[in-house]
Structure formats: C-alpha cells, structure tokens
Amino acid sequence: MSAVLTALGTMAAIALVGWLLARWRALGPHAEQVLARAVFVIAAPSLLAVTIARADLGLLLSRTALVIAASTLAVVVVAALVLRVAWRRPAGEATIGTLAASYVNAGNLGIPIAVYLLGDAVAVVPTLLLQLLVLAPVAFTILDADADRRRASAAEVAAGEDDADLVADAADIEVGHARAGVVGRTRRVVGRTLRNPIIIGALTGVVLSVLPWDVPDVVLEPFRLIGAAAAPLALLTFGMSLVGLGRNRADRSRPRELVLVVVLRSVVHPLLAALLGRALGLDGGELLAVVAMAALPTAQNVLVYAVQYDRSRPLARDAGLATTLLAVPVLLAIATLLT
C-alpha cells in the first residue's frame, strides 16, 4: 500500500503549496477562481480527450464496468433523492452534493492505485468513462440550467416592476422559452451541453477512440502536456480553498449534508461494489479492482465545478478533504480483506 500513501502524500503536498500561495496572496486575490477556470476550460478537457482517445471503449461491456456503473448510479440516486427531494436543496446545490458523493478521484489517485495495487492502469478506465460520458454531461446540463435560472432571477430583480421588456426577457430565460415547445427546449439544452468545455473534451476523446486509425502522437502531445496540468492545478485550487476554513459561518458546509456525502462516498459505495461484484461472480483481482475504485475519495474537480458555478463550494471542499483523509484506512482495509 505504499503506492496509496505516496499518492496521497503527493496530493497533500501540492494542496499545501496552494494553501501557502493563498495565505501569502502570492498570486493575487482572485487566483482560486482563475486557476479553477483554467482547469475547467482547457486543462481538464485536454486531459479527458487524450485519456479517452487511448482507452478501449469495449471495457464498458464487461462485468467489471457493470458493477462500477450499478454501484455508482445507486449512490447518485440516493444522494439526489435525499438532497433534492427530502431536504429540498436547490438543483445546483443538490447536483454538486451528488457529485461529491459519487464522482471519484480516478485520475491522479485512481491511476497510481490501479498500477501499484492492482498491477494494471486499465482498471481505472471503466470508472473514468462512466464519469466523463455519463455523470459529467448530466451534471453540467443541470448546472448550466440552474445558472440560467439564477441569471434570469437577477435580471428580473434588476429590471424592477417598471421594465416589462427586461422582466419578459428574464422570464424567457428562466422557463427556457416554453412557448417554443419541446423541440426548442431540447435544442437549447443540447446546445448548452455541447458548449461545455468538459463535455467537448470527453466527446472529442470518444470520436478519436472510434476512428479506424491511431491518431499520431504529434497531434495528441500538446493536449497531453496541457492536460498534465489539470491534476496539480485542481489540487492547488483545493489548497487555496482551505485558507480561512471555518472562520466565516457562511463558508461552512452543512453538517448533515457533509455526513451524507462522506458516508456514501467512503462506506456505502465500496460495500455496494463488493456485494454486486460477488453477486456477478467477480473474485480475486477483479473484485479488488471494483471495490478499490469505489473507495476512492471525492475528486478535486468537484470543487473546481463548485467554484465555476458558484454552488456548494464549502461542501465540495470539505467532502474532498474528509474523504481523502478516510481513503487511507478504507483502502488499507479493502486490500487486507480482499488480498
């Protein structure tokens, strides 16, 4: 398990650098937002395009992928129902909370664990593809729609009761021009989704993966180099978000939401993966792979998305910190029980 400790230690060191940079204000007052934007717009999409372009999409049809998909979607459903239906959180906040409970650090932590614990980096591919091709598009569709509604509400307030035109425009944005009908609403949703940089990167990778020829390395290399910055920049952003942690009451996550996310992420998901894996006949290395991937901590990219959309930033930050700290004992227990 030295690989787990090495990976977590590296992440902690980079996050500490981010904390120091923010503490000393070395990069200016808006550095956290700028770095998060850089990850969201260029670094993460480049990483996704290159990763998926080199992935074997046939892995999505394996029993391992089925267990990963079923256990992850079960966590998504539980988190969404509790946050949105039971606790009536706004759509954007519920979406970030659901991502914090289900979207794992499969890149900069999952890959080294897959290599050193499981002996093959391919073990992380089904998790990566599920997150990039299913969870991310759905989440960004909801977050973009939520951002539109908030902009519409702000415009309506700014317009006041005397400016009927601006109020009407805001209402049109909020309801998605309902009079245009289902086709118009669908076109706007699809267009908004396809303009999202993360989705563009993932879809580009899918297209490159299914081409009947291999894309030359000289074409992918610039994107690989840019994508290599995604993980460290996301960790620097995470470290910056910890400055002043707990000082401002408004900057604290709600305890019950944090508990829900952490329990789903670090306990429920690995247990579900183990039970489903056993039920489908997985054992040995295959079972260890799906359970280890399910036990990974919340991805730091969730905080990037929370900053980008200005929704549930404290929850995304605290969930990333808590589940990363819990990852060591949880992964050690899994390795002990299944090897």
# chains A, B, ... in the order shown; residues from 1 in each chain; ligands from 1
>>> residues_around(residues="stretch 311-321 of chain A", least_positions_apart="6", cutoff="6 Å", atoms="only C-alpha atoms", output="PyMOL selection string")
chain A and resi 93+100+251-253+298+303
>>> residues_around(residues="A:Arg63", least_positions_apart="3", cutoff="9 Å", atoms="only C-alpha atoms", output="PyMOL selection string")
chain A and resi 59-60+66-68+277+280-282
>>> write_last_selection(atoms="C-alpha atoms", output="mmCIF file, in the first residue's frame")
data_model
loop_
_atom_site.group_PDB
_atom_site.id
_atom_site.type_symbol
_atom_site.label_atom_id
_atom_site.label_comp_id
_atom_site.auth_asym_id
_atom_site.auth_seq_id
_atom_site.Cartn_x
_atom_site.Cartn_y
_atom_site.Cartn_z
ATOM 1 C CA LEU A 59 -14.384 -2.217 -21.425
ATOM 2 C CA LEU A 60 -17.802 -0.637 -20.969
ATOM 3 C CA LEU A 66 -21.468 -3.201 -14.921
ATOM 4 C CA VAL A 67 -20.644 -3.364 -11.205
ATOM 5 C CA ILE A 68 -18.999 0.059 -11.287
ATOM 6 C CA GLY A 277 -19.289 -7.873 -7.520
ATOM 7 C CA LEU A 280 -21.968 -11.220 -10.514
ATOM 8 C CA GLY A 281 -19.198 -13.713 -9.808
ATOM 9 C CA LEU A 282 -16.233 -11.395 -9.545
#
>>> closest_residue(among="A:Leu235, A:Leu272, A:Val243, A:Ala335", to="A:Ala294", atoms="only C-alpha atoms")
A:Leu272
>>> residues_around(residues="A:Ile198", least_positions_apart="6", cutoff="9 Å", atoms="only C-alpha atoms", output="list of chain:residue names")
A:Phe40, A:Val41, A:Ile42, A:Ala44, A:Pro45, A:Ser46, A:Leu48, A:Leu132, A:Ala136, A:Pro137, A:Phe140
>>> closest_atom_pairs(of="stretch 2-94 of chain A", to="stretch 219-223 of chain A", cutoff="8 Å", atoms="only C-alpha atoms", output="JSON lines")
{"residue": "A:Ser46", "atom": "CA", "partner": "A:Phe223", "partner_atom": "CA", "distance": 5.0}
{"residue": "A:Leu47", "atom": "CA", "partner": "A:Phe223", "partner_atom": "CA", "distance": 6.8}
{"residue": "A:Ala49", "atom": "CA", "partner": "A:Phe223", "partner_atom": "CA", "distance": 7.8}
{"residue": "A:Val50", "atom": "CA", "partner": "A:Leu220", "partner_atom": "CA", "distance": 6.5}
>>> write_last_selection(atoms="N, CA and C atoms", output="CSV table (one decimal), in the first residue's frame")
chain,number,residue,atom,x,y,z
A,46,SER,N,-8.5,18.9,-22.1
A,46,SER,CA,-7.4,18.3,-22.8
A,46,SER,C,-7.0,16.9,-22.2
A,47,LEU,N,-7.0,16.8,-20.9
A,47,LEU,CA,-6.7,15.5,-20.3
A,47,LEU,C,-7.8,14.5,-20.7
A,49,ALA,N,-9.7,14.4,-23.3
A,49,ALA,CA,-9.6,14.0,-24.7
A,49,ALA,C,-8.5,13.0,-25.0
A,50,VAL,N,-7.4,13.2,-24.4
A,50,VAL,CA,-6.3,12.3,-24.6
A,50,VAL,C,-6.5,10.9,-23.9
>>> decode(residues="stretch 259-317 of chain A", atoms="C-alpha atoms", output="PDB file, in the first residue's frame")
ATOM      1  CA  VAL A 259     -22.075  13.411   6.719  1.00  0.00           C
ATOM      2  CA  LEU A 260     -24.364  12.113   3.968  1.00  0.00           C
ATOM      3  CA  VAL A 261     -21.759  12.660   1.273  1.00  0.00           C
ATOM      4  CA  VAL A 262     -18.877  11.177   3.266  1.00  0.00           C
ATOM      5  CA  VAL A 263     -20.834   8.076   4.313  1.00  0.00           C
ATOM      6  CA  LEU A 264     -22.000   7.447   0.754  1.00  0.00           C
ATOM      7  CA  ARG A 265     -18.534   8.047  -0.674  1.00  0.00           C
ATOM      8  CA  SER A 266     -16.344   6.164   1.821  1.00  0.00           C
ATOM      9  CA  VAL A 267     -18.662   3.441   3.178  1.00  0.00           C
ATOM     10  CA  VAL A 268     -21.781   2.793   1.124  1.00  0.00           C
ATOM     11  CA  HIS A 269     -20.206   2.824  -2.334  1.00  0.00           C
ATOM     12  CA  PRO A 270     -17.420   0.306  -1.543  1.00  0.00           C
ATOM     13  CA  LEU A 271     -19.915  -2.002   0.205  1.00  0.00           C
ATOM     14  CA  LEU A 272     -22.296  -1.861  -2.754  1.00  0.00           C
ATOM     15  CA  ALA A 273     -19.458  -2.609  -5.163  1.00  0.00           C
ATOM     16  CA  ALA A 274     -18.372  -5.594  -3.063  1.00  0.00           C
ATOM     17  CA  LEU A 275     -21.905  -7.016  -2.837  1.00  0.00           C
ATOM     18  CA  LEU A 276     -22.681  -6.516  -6.526  1.00  0.00           C
ATOM     19  CA  GLY A 277     -19.289  -7.873  -7.520  1.00  0.00           C
ATOM     20  CA  ARG A 278     -19.840 -11.037  -5.503  1.00  0.00           C
ATOM     21  CA  ALA A 279     -23.336 -11.405  -6.950  1.00  0.00           C
ATOM     22  CA  LEU A 280     -21.968 -11.220 -10.514  1.00  0.00           C
ATOM     23  CA  GLY A 281     -19.198 -13.713  -9.808  1.00  0.00           C
ATOM     24  CA  LEU A 282     -16.233 -11.395  -9.545  1.00  0.00           C
ATOM     25  CA  ASP A 283     -13.379 -12.505  -7.338  1.00  0.00           C
ATOM     26  CA  GLY A 284      -9.665 -12.004  -6.838  1.00  0.00           C
ATOM     27  CA  GLY A 285      -8.177  -9.096  -8.717  1.00  0.00           C
ATOM     28  CA  GLU A 286     -11.441  -8.157 -10.470  1.00  0.00           C
ATOM     29  CA  LEU A 287     -13.331  -7.796  -7.191  1.00  0.00           C
ATOM     30  CA  LEU A 288     -10.449  -5.902  -5.593  1.00  0.00           C
ATOM     31  CA  ALA A 289     -10.382  -3.541  -8.576  1.00  0.00           C
ATOM     32  CA  VAL A 290     -14.055  -2.538  -8.444  1.00  0.00           C
ATOM     33  CA  VAL A 291     -14.085  -2.137  -4.653  1.00  0.00           C
ATOM     34  CA  ALA A 292     -10.853  -0.124  -4.611  1.00  0.00           C
ATOM     35  CA  MET A 293     -12.140   2.194  -7.336  1.00  0.00           C
ATOM     36  CA  ALA A 294     -15.421   2.630  -5.419  1.00  0.00           C
ATOM     37  CA  ALA A 295     -13.475   3.607  -2.293  1.00  0.00           C
ATOM     38  CA  LEU A 296     -11.558   6.459  -3.921  1.00  0.00           C
ATOM     39  CA  PRO A 297     -12.128   9.909  -2.388  1.00  0.00           C
ATOM     40  CA  THR A 298     -14.161  12.710  -3.923  1.00  0.00           C
ATOM     41  CA  ALA A 299     -12.435  14.163  -6.976  1.00  0.00           C
ATOM     42  CA  GLN A 300     -10.898  17.605  -6.551  1.00  0.00           C
ATOM     43  CA  ASN A 301     -12.559  18.537  -9.837  1.00  0.00           C
ATOM     44  CA  VAL A 302     -15.872  18.669  -7.960  1.00  0.00           C
ATOM     45  CA  LEU A 303     -14.529  21.709  -6.117  1.00  0.00           C
ATOM     46  CA  VAL A 304     -13.471  23.208  -9.455  1.00  0.00           C
ATOM     47  CA  TYR A 305     -17.039  22.767 -10.710  1.00  0.00           C
ATOM     48  CA  ALA A 306     -18.451  24.217  -7.479  1.00  0.00           C
ATOM     49  CA  VAL A 307     -16.244  27.295  -7.861  1.00  0.00           C
ATOM     50  CA  GLN A 308     -17.054  27.586 -11.558  1.00  0.00           C
ATOM     51  CA  TYR A 309     -20.821  27.515 -10.963  1.00  0.00           C
ATOM     52  CA  ASP A 310     -20.715  29.140  -7.509  1.00  0.00           C
ATOM     53  CA  ARG A 311     -22.734  26.353  -5.887  1.00  0.00           C
ATOM     54  CA  SER A 312     -21.991  24.424  -2.655  1.00  0.00           C
ATOM     55  CA  ARG A 313     -18.297  25.325  -2.587  1.00  0.00           C
ATOM     56  CA  PRO A 314     -17.914  24.524   1.153  1.00  0.00           C
ATOM     57  CA  LEU A 315     -19.491  21.090   0.739  1.00  0.00           C
ATOM     58  CA  ALA A 316     -17.280  20.212  -2.234  1.00  0.00           C
ATOM     59  CA  ARG A 317     -14.175  21.383  -0.351  1.00  0.00           C
TER      60      ARG A 317
END
